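What follows is data_34.txt (compact mmCIF, C-alpha atoms and all ligand atoms).
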```txt
# COMPACT_ATOMS: atom_id res chain seq x y z
CA MET A 251 -175.54 -4.95 39.09
CA ARG A 252 -178.29 -6.03 41.44
CA CYS A 253 -177.12 -9.31 42.90
CA LEU A 254 -179.22 -11.83 44.76
CA ILE A 255 -177.25 -14.36 46.79
CA THR A 256 -179.16 -17.38 48.02
CA GLY A 257 -177.36 -18.76 51.06
CA GLY A 258 -175.70 -15.37 51.44
CA ALA A 259 -175.27 -15.61 55.21
CA GLY A 260 -173.19 -18.74 54.81
CA PHE A 261 -169.45 -19.05 54.70
CA ILE A 262 -168.87 -18.50 50.96
CA GLY A 263 -172.03 -16.41 50.45
CA SER A 264 -171.04 -13.82 53.04
CA HIS A 265 -167.57 -13.42 51.50
CA LEU A 266 -169.20 -13.05 48.09
CA ALA A 267 -171.64 -10.43 49.42
CA GLU A 268 -168.75 -8.45 50.85
CA ALA A 269 -166.77 -8.56 47.59
CA LEU A 270 -169.77 -7.59 45.46
CA LEU A 271 -170.53 -4.61 47.70
CA ARG A 272 -166.88 -3.57 47.54
CA ALA A 273 -167.12 -3.65 43.74
CA GLY A 274 -170.09 -1.23 43.87
CA HIS A 275 -172.97 -3.64 43.33
CA ALA A 276 -176.24 -3.85 45.26
CA VAL A 277 -176.68 -7.09 47.17
CA THR A 278 -179.68 -8.91 48.59
CA VAL A 279 -179.06 -12.00 50.61
CA VAL A 280 -181.68 -14.64 51.31
CA ASP A 281 -180.83 -17.25 53.92
CA ASP A 282 -182.77 -19.43 56.35
CA LEU A 283 -179.80 -19.54 58.77
CA SER A 284 -179.85 -23.35 58.74
CA THR A 285 -176.08 -23.40 58.32
CA GLY A 286 -175.40 -19.69 57.79
CA SER A 287 -175.38 -17.12 60.57
CA LEU A 288 -176.20 -13.47 61.12
CA GLU A 289 -172.72 -13.02 62.54
CA ASN A 290 -171.27 -13.65 59.08
CA ILE A 291 -173.08 -10.67 57.59
CA GLU A 292 -173.14 -8.40 60.66
CA PRO A 293 -170.53 -5.96 59.29
CA LEU A 294 -172.52 -5.56 56.05
CA ARG A 295 -175.82 -4.63 57.63
CA SER A 296 -175.06 -0.93 57.81
CA GLU A 297 -174.37 -0.72 54.05
CA VAL A 298 -177.14 1.04 52.13
CA ARG A 299 -176.74 -1.25 49.11
CA PHE A 300 -177.17 -4.33 51.29
CA ARG A 301 -180.37 -6.12 52.20
CA CYS A 302 -180.86 -9.34 54.09
CA VAL A 303 -183.99 -11.48 54.05
CA ILE A 304 -184.21 -14.32 56.54
CA ASP A 305 -186.36 -16.93 54.86
CA THR A 306 -186.12 -20.12 52.88
CA VAL A 307 -185.41 -20.21 49.16
CA LEU A 308 -188.32 -22.64 48.98
CA ASN A 309 -190.68 -19.69 49.65
CA HIS A 310 -191.84 -19.31 46.07
CA ARG A 311 -193.64 -15.98 46.47
CA LEU A 312 -190.73 -14.31 48.18
CA MET A 313 -188.26 -15.70 45.68
CA ALA A 314 -190.39 -14.42 42.77
CA GLU A 315 -190.01 -10.90 44.17
CA LEU A 316 -186.29 -11.23 44.80
CA VAL A 317 -185.42 -12.82 41.45
CA ASN A 318 -187.49 -10.15 39.71
CA TRP A 319 -185.42 -7.45 41.47
CA ALA A 320 -182.07 -9.04 40.57
CA ASP A 321 -179.90 -8.84 37.47
CA VAL A 322 -177.96 -11.88 38.54
CA VAL A 323 -178.71 -14.68 40.99
CA PHE A 324 -175.80 -16.40 42.72
CA HIS A 325 -177.44 -19.62 43.82
CA LEU A 326 -175.41 -20.94 46.76
CA ALA A 327 -178.16 -22.09 49.12
CA ALA A 328 -177.90 -25.83 49.71
CA VAL A 329 -177.60 -28.44 52.38
CA VAL A 330 -173.82 -28.84 52.57
CA GLY A 331 -171.22 -30.82 54.46
CA VAL A 332 -170.74 -34.58 54.26
CA LYS A 333 -171.82 -34.95 57.89
CA LEU A 334 -175.19 -33.22 57.37
CA VAL A 335 -175.77 -35.05 54.13
CA VAL A 336 -175.23 -38.53 55.56
CA GLU A 337 -177.30 -37.65 58.64
CA ASP A 338 -180.32 -36.54 56.62
CA PRO A 339 -180.00 -37.38 52.93
CA ALA A 340 -183.71 -36.83 52.20
CA ARG A 341 -183.49 -33.23 53.37
CA ALA A 342 -180.31 -32.60 51.38
CA ILE A 343 -181.71 -34.01 48.16
CA GLU A 344 -185.13 -32.36 48.45
CA THR A 345 -183.79 -28.95 49.41
CA ASN A 346 -181.10 -28.86 46.77
CA VAL A 347 -183.26 -30.03 43.91
CA ARG A 348 -186.36 -27.98 44.79
CA ALA A 349 -184.36 -24.81 45.35
CA MET A 350 -182.72 -25.17 41.96
CA GLU A 351 -186.07 -25.73 40.25
CA ILE A 352 -187.51 -22.61 41.87
CA VAL A 353 -184.55 -20.40 40.97
CA LEU A 354 -184.51 -21.52 37.33
CA GLU A 355 -188.26 -21.37 36.89
CA LEU A 356 -188.33 -17.80 38.23
CA ALA A 357 -185.27 -16.71 36.25
CA ALA A 358 -186.71 -18.02 32.97
CA PRO A 359 -189.35 -15.39 31.98
CA LYS A 360 -186.89 -12.47 32.06
CA ARG A 361 -183.79 -14.57 31.39
CA LYS A 362 -182.01 -13.52 34.55
CA LYS A 363 -178.46 -14.72 34.84
CA VAL A 364 -177.99 -17.62 37.27
CA VAL A 365 -174.59 -18.59 38.65
CA PHE A 366 -174.98 -22.02 40.23
CA THR A 367 -172.39 -23.25 42.70
CA SER A 368 -172.09 -26.96 42.15
CA THR A 369 -169.40 -29.10 43.73
CA SER A 370 -166.40 -31.27 43.00
CA GLU A 371 -168.41 -34.07 44.68
CA VAL A 372 -170.12 -34.60 41.32
CA TYR A 373 -166.93 -36.17 39.93
CA GLY A 374 -167.46 -38.89 42.51
CA LYS A 375 -164.83 -41.56 42.79
CA THR A 376 -163.28 -41.28 39.39
CA SER A 377 -159.57 -42.12 39.55
CA ARG A 378 -158.62 -39.96 36.60
CA VAL A 379 -156.96 -36.88 38.04
CA PRO A 380 -156.93 -33.97 37.58
CA PHE A 381 -160.69 -33.70 37.00
CA ARG A 382 -161.78 -32.00 33.80
CA GLU A 383 -165.19 -30.47 33.27
CA ASP A 384 -166.03 -32.87 30.43
CA ASP A 385 -165.10 -36.01 32.40
CA ASP A 386 -167.67 -38.67 33.20
CA LEU A 387 -169.21 -38.51 36.68
CA VAL A 388 -168.55 -41.75 38.62
CA LEU A 389 -170.99 -41.98 41.50
CA GLY A 390 -171.41 -44.81 44.00
CA ALA A 391 -174.44 -46.97 44.73
CA PRO A 392 -177.62 -45.26 46.03
CA TRP A 393 -177.54 -47.06 49.40
CA ARG A 394 -174.36 -45.19 50.21
CA SER A 395 -176.06 -41.94 51.19
CA ARG A 396 -173.08 -39.69 50.51
CA TRP A 397 -173.75 -39.92 46.78
CA GLY A 398 -177.22 -38.42 47.12
CA TYR A 399 -175.62 -35.02 47.57
CA ALA A 400 -173.50 -35.39 44.43
CA CYS A 401 -176.59 -36.57 42.58
CA SER A 402 -178.66 -33.61 43.75
CA LYS A 403 -175.97 -31.18 42.62
CA ALA A 404 -175.46 -33.01 39.32
CA LEU A 405 -179.20 -32.82 38.73
CA GLY A 406 -178.96 -29.07 39.35
CA GLU A 407 -176.33 -28.88 36.63
CA PHE A 408 -178.45 -30.88 34.18
CA LEU A 409 -181.45 -28.71 34.94
CA ALA A 410 -179.48 -25.48 34.54
CA LEU A 411 -178.12 -26.52 31.16
CA ALA A 412 -181.58 -27.67 30.08
CA TYR A 413 -183.04 -24.24 30.97
CA TRP A 414 -180.24 -22.57 29.02
CA ARG A 415 -180.97 -24.64 25.93
CA LYS A 416 -184.75 -24.58 26.17
CA TYR A 417 -185.49 -21.07 27.49
CA GLY A 418 -182.23 -19.21 26.96
CA VAL A 419 -181.67 -18.67 30.70
CA PRO A 420 -178.02 -17.56 30.92
CA VAL A 421 -176.60 -20.03 33.42
CA VAL A 422 -173.01 -20.47 34.59
CA ILE A 423 -172.01 -23.53 36.61
CA ALA A 424 -169.07 -23.43 39.02
CA ARG A 425 -167.85 -26.69 40.56
CA LEU A 426 -166.25 -25.63 43.82
CA PHE A 427 -163.36 -27.68 45.22
CA ASN A 428 -163.01 -27.61 49.05
CA THR A 429 -163.24 -23.88 49.65
CA VAL A 430 -161.74 -22.82 52.98
CA GLY A 431 -161.16 -19.68 55.00
CA PRO A 432 -162.37 -17.69 57.98
CA ARG A 433 -166.05 -18.15 58.97
CA GLN A 434 -166.20 -21.75 57.78
CA THR A 435 -167.65 -23.56 60.73
CA ASP A 436 -166.50 -26.93 62.02
CA ARG A 437 -170.08 -27.81 62.96
CA TYR A 438 -170.71 -29.82 59.78
CA GLY A 439 -167.47 -31.75 59.89
CA MET A 440 -165.35 -29.89 57.33
CA VAL A 441 -161.79 -30.91 57.83
CA ILE A 442 -159.78 -27.70 58.16
CA PRO A 443 -161.94 -25.89 60.71
CA THR A 444 -162.22 -29.18 62.60
CA PHE A 445 -158.45 -29.74 62.75
CA VAL A 446 -157.84 -26.11 63.69
CA ARG A 447 -160.38 -26.18 66.50
CA GLN A 448 -159.01 -29.47 67.79
CA ALA A 449 -155.43 -28.17 67.70
CA LEU A 450 -156.30 -24.93 69.48
CA ARG A 451 -158.19 -26.73 72.24
CA GLY A 452 -155.52 -29.39 72.66
CA GLU A 453 -157.97 -32.13 71.64
CA PRO A 454 -156.95 -35.11 69.46
CA ILE A 455 -156.76 -34.24 65.75
CA THR A 456 -159.03 -36.79 64.07
CA VAL A 457 -157.79 -38.10 60.74
CA TYR A 458 -160.42 -40.31 59.08
CA GLY A 459 -159.35 -43.50 57.34
CA ASP A 460 -155.63 -43.85 56.70
CA GLY A 461 -155.21 -40.14 55.95
CA GLN A 462 -153.70 -40.89 52.53
CA GLN A 463 -156.76 -39.45 50.74
CA THR A 464 -156.01 -36.11 49.09
CA ARG A 465 -157.83 -32.84 48.61
CA SER A 466 -156.96 -29.45 47.07
CA PHE A 467 -158.01 -26.56 49.28
CA CYS A 468 -158.97 -23.22 47.79
CA TRP A 469 -158.82 -19.85 49.54
CA VAL A 470 -162.34 -18.40 49.77
CA GLY A 471 -161.15 -15.08 48.29
CA ASP A 472 -160.02 -16.90 45.15
CA THR A 473 -163.37 -18.70 44.89
CA VAL A 474 -165.27 -15.44 45.21
CA ARG A 475 -163.10 -13.68 42.62
CA ALA A 476 -163.72 -16.54 40.20
CA LEU A 477 -167.50 -16.46 40.75
CA MET A 478 -167.66 -12.73 40.09
CA ALA A 479 -165.53 -12.93 36.94
CA LEU A 480 -167.57 -15.86 35.63
CA ALA A 481 -170.79 -13.93 36.27
CA GLU A 482 -169.54 -11.07 34.13
CA HIS A 483 -167.98 -12.95 31.26
CA PRO A 484 -170.41 -13.50 28.36
CA ASP A 485 -168.59 -16.63 27.16
CA ALA A 486 -169.06 -18.34 30.53
CA VAL A 487 -172.78 -18.77 29.84
CA GLY A 488 -173.93 -22.34 29.28
CA GLN A 489 -170.62 -23.65 30.59
CA ILE A 490 -169.24 -25.59 33.57
CA PHE A 491 -166.01 -24.52 35.31
CA ASN A 492 -163.84 -26.04 38.00
CA VAL A 493 -163.07 -23.46 40.68
CA GLY A 494 -160.37 -24.38 43.15
CA SER A 495 -156.69 -24.85 43.72
CA ASP A 496 -154.51 -27.55 42.18
CA GLU A 497 -152.19 -27.85 45.19
CA GLU A 498 -152.93 -31.46 46.16
CA VAL A 499 -152.32 -32.51 49.76
CA ARG A 500 -152.82 -35.66 51.85
CA ILE A 501 -155.19 -35.23 54.80
CA VAL A 502 -152.63 -36.68 57.24
CA ASP A 503 -150.19 -33.99 56.11
CA VAL A 504 -152.82 -31.31 56.72
CA ALA A 505 -153.12 -32.64 60.28
CA HIS A 506 -149.35 -32.40 60.80
CA GLN A 507 -149.23 -28.91 59.28
CA VAL A 508 -152.05 -27.63 61.50
CA LYS A 509 -150.36 -29.12 64.56
CA ALA A 510 -146.99 -27.58 63.70
CA LEU A 511 -148.32 -24.14 62.74
CA SER A 512 -150.45 -23.88 65.86
CA GLY A 513 -147.72 -25.20 68.18
CA SER A 514 -150.33 -27.57 69.57
CA ALA A 515 -149.60 -30.62 71.71
CA SER A 516 -152.67 -32.42 70.33
CA PRO A 517 -152.07 -36.06 69.35
CA ILE A 518 -153.00 -37.06 65.79
CA VAL A 519 -155.38 -40.02 65.88
CA PHE A 520 -156.80 -42.20 63.10
CA ILE A 521 -160.55 -42.89 63.12
CA PRO A 522 -162.08 -45.53 60.83
CA TYR A 523 -164.62 -44.12 58.39
CA ASN A 524 -167.45 -46.21 59.81
CA ARG A 525 -166.95 -44.58 63.22
CA ALA A 526 -166.88 -41.13 61.69
CA TYR A 527 -169.78 -41.38 59.25
CA GLY A 528 -171.49 -44.73 59.93
CA ASP A 529 -171.36 -47.97 57.97
CA GLY A 530 -171.04 -48.09 54.22
CA PHE A 531 -169.32 -44.75 53.83
CA GLU A 532 -167.20 -44.20 50.75
CA ASP A 533 -164.57 -41.50 50.39
CA MET A 534 -162.70 -40.41 47.30
CA ARG A 535 -158.95 -41.08 47.35
CA ARG A 536 -157.87 -38.08 45.32
CA ARG A 537 -159.47 -34.82 44.31
CA VAL A 538 -157.70 -32.27 42.14
CA PRO A 539 -159.17 -29.88 39.60
CA ASP A 540 -157.85 -29.26 36.13
CA LEU A 541 -157.97 -25.46 35.97
CA THR A 542 -157.18 -25.06 32.26
CA LYS A 543 -160.70 -24.05 31.26
CA ILE A 544 -161.19 -21.27 33.81
CA ARG A 545 -157.61 -20.06 33.40
CA THR A 546 -158.09 -19.76 29.64
CA LEU A 547 -161.36 -17.84 29.91
CA ILE A 548 -160.77 -15.42 32.80
CA GLY A 549 -157.07 -15.82 33.62
CA TYR A 550 -157.93 -17.39 36.99
CA ARG A 551 -155.11 -18.68 39.17
CA PRO A 552 -155.29 -19.56 42.88
CA THR A 553 -153.26 -16.99 44.81
CA VAL A 554 -152.96 -18.43 48.33
CA ARG A 555 -151.07 -21.63 49.13
CA LEU A 556 -152.25 -24.05 51.81
CA GLU A 557 -149.72 -23.03 54.43
CA GLU A 558 -150.82 -19.40 54.25
CA ILE A 559 -154.49 -20.45 54.23
CA LEU A 560 -153.89 -22.42 57.44
CA ARG A 561 -152.12 -19.47 59.06
CA ARG A 562 -155.07 -17.21 58.24
CA VAL A 563 -157.66 -19.71 59.47
CA LEU A 564 -155.67 -20.24 62.67
CA ARG A 565 -155.55 -16.48 63.25
CA HIS A 566 -159.33 -16.27 62.75
CA TYR A 567 -160.04 -19.15 65.14
CA ARG A 568 -157.64 -17.88 67.79
CA ARG A 569 -159.65 -14.67 67.89
CA PHE A 570 -162.88 -16.65 67.91
CA GLU A 571 -161.68 -18.94 70.73
CA ALA A 572 -160.53 -15.92 72.76
CA ASP A 573 -164.00 -14.35 72.40
CA ARG A 574 -165.60 -17.66 73.42
CA ARG A 575 -163.47 -17.89 76.55
CA LEU A 576 -164.35 -14.31 77.39
CA ALA A 577 -168.05 -15.09 76.98
CA LEU A 578 -167.71 -18.12 79.28
CA GLN A 579 -166.07 -16.16 82.07
CA PRO A 580 -168.34 -15.46 85.03
CA GLN A 581 -169.57 -11.88 84.85
CA CYS A 582 -168.44 -9.64 87.74
CA LEU A 583 -171.19 -7.49 89.08
CA PRO A 584 -170.19 -3.95 90.02
N1 LIG A 601 -161.69 -35.59 57.42
C1 LIG A 601 -160.85 -36.03 58.44
N2 LIG A 601 -161.12 -35.62 59.72
C2 LIG A 601 -162.17 -34.81 60.03
C3 LIG A 601 -163.02 -34.35 58.99
C4 LIG A 601 -162.74 -34.78 57.69
O1 LIG A 601 -159.88 -36.76 58.20
O2 LIG A 601 -162.34 -34.49 61.23
C5 LIG A 601 -161.39 -36.02 56.03
C6 LIG A 601 -162.60 -36.55 55.26
O3 LIG A 601 -162.80 -37.93 55.52
C7 LIG A 601 -162.16 -36.28 53.82
C8 LIG A 601 -161.35 -34.99 53.94
O4 LIG A 601 -160.96 -34.90 55.30
O5 LIG A 601 -161.34 -37.30 53.33
C9 LIG A 601 -162.14 -33.73 53.56
O6 LIG A 601 -163.34 -33.75 54.29
P1 LIG A 601 -164.41 -32.57 54.22
O7 LIG A 601 -165.64 -33.05 54.93
O8 LIG A 601 -163.80 -31.30 54.67
O9 LIG A 601 -164.71 -32.40 52.66
P2 LIG A 601 -165.05 -33.42 51.48
O10 LIG A 601 -165.08 -34.82 52.00
O11 LIG A 601 -166.37 -32.95 50.98
O12 LIG A 601 -163.94 -33.24 50.52
```
Output the structure of this file as structure tokens.
Amino acid sequence: MRCLITGGAGFIGSHLAEALLRAGHAVTVVDDLSTGSLENIEPLRSEVRFRCVIDTVLNHRLMAELVNWADVVFHLAAVVGVKLVVEDPARAIETNVRAMEIVLELAAPKRKKVVFTSTSEVYGKTSRVPFREDDDLVLGAPWRSRWGYACSKALGEFLALAYWRKYGVPVVIARLFNTVGPRQTDRYGMVIPTFVRQALRGEPITVYGDGQQTRSFCWVGDTVRALMALAEHPDAVGQIFNVGSDEEVRIVDVAHQVKALSGSASPIVFIPYNRAYGDGFEDMRRRVPDLTKIRTLIGYRPTVRLEEILRRVLRHYRRFEADRRLALQPQCLP
């Protein structure tokens, strides 16, 4: 297959590119490097079946060419991360919605397959766990800017399904639940890379709120495997799937686990939400996917438990921190 990955230099996109190349496919990545980085795809650049275009997915002319080349478009490009979204909601909403419109509009004439990575954020603050794909979406008031992201992604889902029904564009929607692994940066506030960096540098580990809120963290390799299998399965078309892990964990326990596994002396501190994200922030108390639908269709099961995920992320960051220290050392002239 010829695969186009929008946002392919990002954390998940670069892992997906790697896996698709390994499976023998040709891969083109388009990324504006707003949150992705060339470092993520550096090892792939010598592959003959790999191409990387540094540009925005909002460049209609370029995207027309790339979508025309592709058999399948994995649409990952988006403004992500709660921190970025609350800092600049207008940018998040505009980028996410416009990019989706462009991808679908260009995929329509030749009915190119589109795999859209949506998010568990769309479930909002529903208290019914685990979340099922046919559940109602329970979003907060518009003046709480966090919900703009969920809305933009939900709109992407509505649009994708509308294009499937109206123009027969084969779309598959994957709602990703807190994907984690090496290369995920802490720059946009995601919890695991943040805790790991804090622990390794001996800085306070910052738990927001009371730490009793839960999440279910999914190994990036499992996410990528699910996306590829969904892209290939004919019965996935026109459907929405949860992609994640159902191992639910409290954030305060993640902090303790990171501290213990890293052997860090960092204190664990509690920060009120308004100090972390500004006034009027709303978090969801629990987030767990029901995986019945994806398990039934493609036999998907998460393969890596949180403790092992943390060990792997710690190993990655230790190497990264060592390289950083090396780079900071004064250079000795001969
Ligand atoms: N979180 C935290 N400390 C941090 C960053 C995040 O306690 O330094 C919390 C955050 O408030 C949320 C959970 O960890 O309850 C997951 O946050 P993340 O931004 O990784 O993902 P999302 O909120 O989208 O699930």
Subject >> Nearest-residue call for ligand LIG 601 (chain A), choices A:Arg525, A:Arg301, A:His566, A:Arg551, using only C-alpha atoms and all ligand atoms >> reply: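 Among the listed residues, the smallest separation from ligand LIG 601 (chain A) belongs to A:Arg525.
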**OP:** Compute the set of protein, DNA and RNA residues whose minimum atom distance to ligand LIG 601 (chain A) is at most 8 Å, using all atoms listed in the file, and state it as a PyMOL selection string.
**Re:** chain A and resi 331-333+371+427-428+438-442+444-445+455-459+461+463-465+501-502+520-521+523+533-535+537
Put those residues in a file: C-alpha atoms, as a short mmCIF file (atom, residue, chain, number, x, y, z; two decimals), in the frame of the given file.
```cif
data_model
loop_
_atom_site.label_atom_id
_atom_site.label_comp_id
_atom_site.auth_asym_id
_atom_site.auth_seq_id
_atom_site.Cartn_x
_atom_site.Cartn_y
_atom_site.Cartn_z
CA GLY A 331 -171.22 -30.82 54.46
CA VAL A 332 -170.74 -34.58 54.26
CA LYS A 333 -171.82 -34.95 57.89
CA GLU A 371 -168.41 -34.07 44.68
CA PHE A 427 -163.36 -27.68 45.22
CA ASN A 428 -163.01 -27.61 49.05
CA TYR A 438 -170.71 -29.82 59.78
CA GLY A 439 -167.47 -31.75 59.89
CA MET A 440 -165.35 -29.89 57.33
CA VAL A 441 -161.79 -30.91 57.83
CA ILE A 442 -159.78 -27.70 58.16
CA THR A 444 -162.22 -29.18 62.60
CA PHE A 445 -158.45 -29.74 62.75
CA ILE A 455 -156.76 -34.24 65.75
CA THR A 456 -159.03 -36.79 64.07
CA VAL A 457 -157.79 -38.10 60.74
CA TYR A 458 -160.42 -40.31 59.08
CA GLY A 459 -159.35 -43.50 57.34
CA GLY A 461 -155.21 -40.14 55.95
CA GLN A 463 -156.76 -39.45 50.74
CA THR A 464 -156.01 -36.11 49.09
CA ARG A 465 -157.83 -32.84 48.61
CA ILE A 501 -155.19 -35.23 54.80
CA VAL A 502 -152.63 -36.68 57.24
CA PHE A 520 -156.80 -42.20 63.10
CA ILE A 521 -160.55 -42.89 63.12
CA TYR A 523 -164.62 -44.12 58.39
CA ASP A 533 -164.57 -41.50 50.39
CA MET A 534 -162.70 -40.41 47.30
CA ARG A 535 -158.95 -41.08 47.35
CA ARG A 537 -159.47 -34.82 44.31
#
```
Using 4 Å of padding on each side, determine the axis-aligned box around all atoms of segment 499-503 of chain A present in the file and give its centre and edge lengths in Å to one decimal, as lines of an AutoDock Vina configuration file.
```
center_x = -152.7
center_y = -34.6
center_z = 53.5
size_x = 13.0
size_y = 12.2
size_z = 15.5
```
Subject >> Selection: 8 Å around segment 474-488 of chain A, all atoms listed in the file, excl. self and same-chain fewer than 4 positions, as a ChimeraX atom specification >> reply: /A:262,265-266,269-270,322,363,365,411,414,420-424,470,493,547-548,550
Subject >> Closest of A:Asp503, A:Asp436, A:Glu558, A:Asp385 to Asp540 of chain A - atom-to-atom distances counting all atoms listed in the file >> reply: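 That would be A:Asp385, the residue with the smallest distance to Asp540 of chain A.
Going from atom CA of Val303 of chain A to atom CA of Gly286 of chain A covers 12.5 Å.
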Enumerate, as an mmCIF file with C-alpha atoms, keeping the file's coordinate frame, the protein, DNA and RNA residues whose atoms approach (-177.7, -9.4, 47.5) to within 12 Å, taking into account all atoms listed in the file and the coordinate frame of the file.
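After the write, point11.cif holds the following:
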```
data_model
loop_
_atom_site.group_PDB
_atom_site.id
_atom_site.type_symbol
_atom_site.label_atom_id
_atom_site.label_comp_id
_atom_site.auth_asym_id
_atom_site.auth_seq_id
_atom_site.Cartn_x
_atom_site.Cartn_y
_atom_site.Cartn_z
ATOM 1 C CA MET A 251 -175.540 -4.950 39.090
ATOM 2 C CA ARG A 252 -178.290 -6.030 41.440
ATOM 3 C CA CYS A 253 -177.120 -9.310 42.900
ATOM 4 C CA LEU A 254 -179.220 -11.830 44.760
ATOM 5 C CA ILE A 255 -177.250 -14.360 46.790
ATOM 6 C CA THR A 256 -179.160 -17.380 48.020
ATOM 7 C CA GLY A 257 -177.360 -18.760 51.060
ATOM 8 C CA GLY A 258 -175.700 -15.370 51.440
ATOM 9 C CA ALA A 259 -175.270 -15.610 55.210
ATOM 10 C CA GLY A 263 -172.030 -16.410 50.450
ATOM 11 C CA SER A 264 -171.040 -13.820 53.040
ATOM 12 C CA HIS A 265 -167.570 -13.420 51.500
ATOM 13 C CA LEU A 266 -169.200 -13.050 48.090
ATOM 14 C CA ALA A 267 -171.640 -10.430 49.420
ATOM 15 C CA GLU A 268 -168.750 -8.450 50.850
ATOM 16 C CA ALA A 269 -166.770 -8.560 47.590
ATOM 17 C CA LEU A 270 -169.770 -7.590 45.460
ATOM 18 C CA LEU A 271 -170.530 -4.610 47.700
ATOM 19 C CA GLY A 274 -170.090 -1.230 43.870
ATOM 20 C CA HIS A 275 -172.970 -3.640 43.330
ATOM 21 C CA ALA A 276 -176.240 -3.850 45.260
ATOM 22 C CA VAL A 277 -176.680 -7.090 47.170
ATOM 23 C CA THR A 278 -179.680 -8.910 48.590
ATOM 24 C CA VAL A 279 -179.060 -12.000 50.610
ATOM 25 C CA VAL A 280 -181.680 -14.640 51.310
ATOM 26 C CA ASP A 281 -180.830 -17.250 53.920
ATOM 27 C CA ILE A 291 -173.080 -10.670 57.590
ATOM 28 C CA LEU A 294 -172.520 -5.560 56.050
ATOM 29 C CA ARG A 295 -175.820 -4.630 57.630
ATOM 30 C CA GLU A 297 -174.370 -0.720 54.050
ATOM 31 C CA VAL A 298 -177.140 1.040 52.130
ATOM 32 C CA ARG A 299 -176.740 -1.250 49.110
ATOM 33 C CA PHE A 300 -177.170 -4.330 51.290
ATOM 34 C CA ARG A 301 -180.370 -6.120 52.200
ATOM 35 C CA CYS A 302 -180.860 -9.340 54.090
ATOM 36 C CA VAL A 303 -183.990 -11.480 54.050
ATOM 37 C CA LEU A 316 -186.290 -11.230 44.800
ATOM 38 C CA VAL A 317 -185.420 -12.820 41.450
ATOM 39 C CA TRP A 319 -185.420 -7.450 41.470
ATOM 40 C CA ALA A 320 -182.070 -9.040 40.570
ATOM 41 C CA ASP A 321 -179.900 -8.840 37.470
ATOM 42 C CA VAL A 322 -177.960 -11.880 38.540
ATOM 43 C CA VAL A 323 -178.710 -14.680 40.990
ATOM 44 C CA PHE A 324 -175.800 -16.400 42.720
ATOM 45 C CA HIS A 325 -177.440 -19.620 43.820
ATOM 46 C CA LEU A 326 -175.410 -20.940 46.760
#
```
**OP:** Between A:Asn492, A:Leu564, A:Val430, A:Leu511, single out the one closest to Thr546 of chain A, counting only C-alpha atoms.
**Re:**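 Of all the options, A:Asn492 lies closest to Thr546 of chain A.
Here the question is which of A:Cys468, A:Leu556, A:Ala412, A:Leu426 gets nearest to Leu354 of chain A using only C-alpha atoms, and that residue is A:Ala412.
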Original post:
When distances are computed from all atoms listed in the file, which of A:Asp386, A:Arg272, A:Ser370, A:Phe261 shows the smallest separation from Thr435 of chain A?
Top reply: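 Once distances to Thr435 of chain A are computed over all atoms listed in the file, the minimum belongs to A:Phe261.
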Subject >> Nearby residues (only C-alpha atoms) at most 9 Å from Ile343 of chain A, same-chain spacing under 2 positions excluded, as a list in words >> reply: Val329, Val335, Asp338, Pro339, Ala340, Arg341, Thr345, Asn346, Val347, Arg348, Gly398, Tyr399, Cys401, Ser402 and Lys403 of chain A
**OP:** Point out the residue among A:Gly471, A:Pro552, A:Pro392, A:Pro293 with the least atom-to-atom distance to Pro539 of chain A, counting all atoms listed in the file.
**Re:** A:Pro552
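Atom CA of Arg545 of chain A to atom CA of Ser495 of chain A spans 11.4 Å [interatomic distance, one decimal].
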Missing atoms in segment 281-289 of chain A: fill them in up to N, CA and C atoms and send the result as a compact mmCIF listing (two decimals), in the coordinates of the input.
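Resulting contents of result.txt:
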```txt
# COMPACT_ATOMS: atom_id res chain seq x y z
N ASP A 281 -181.45 -16.14 53.19
CA ASP A 281 -180.83 -17.25 53.92
C ASP A 281 -181.78 -17.67 55.05
N ASP A 282 -181.89 -18.97 55.26
CA ASP A 282 -182.77 -19.43 56.35
C ASP A 282 -181.98 -19.70 57.63
N LEU A 283 -180.69 -19.38 57.61
CA LEU A 283 -179.80 -19.54 58.77
C LEU A 283 -179.70 -21.00 59.23
N SER A 284 -179.98 -21.94 58.34
CA SER A 284 -179.85 -23.35 58.74
C SER A 284 -178.38 -23.69 58.96
N THR A 285 -177.52 -23.24 58.06
CA THR A 285 -176.08 -23.40 58.32
C THR A 285 -175.36 -22.06 58.30
N GLY A 286 -175.99 -21.03 57.77
CA GLY A 286 -175.40 -19.69 57.79
C GLY A 286 -175.65 -19.03 59.13
N SER A 287 -175.11 -17.81 59.30
CA SER A 287 -175.38 -17.12 60.57
C SER A 287 -175.36 -15.61 60.37
N LEU A 288 -176.13 -14.94 61.22
CA LEU A 288 -176.20 -13.47 61.12
C LEU A 288 -174.84 -12.84 61.40
N GLU A 289 -174.06 -13.52 62.22
CA GLU A 289 -172.72 -13.02 62.54
C GLU A 289 -171.87 -12.81 61.28
```
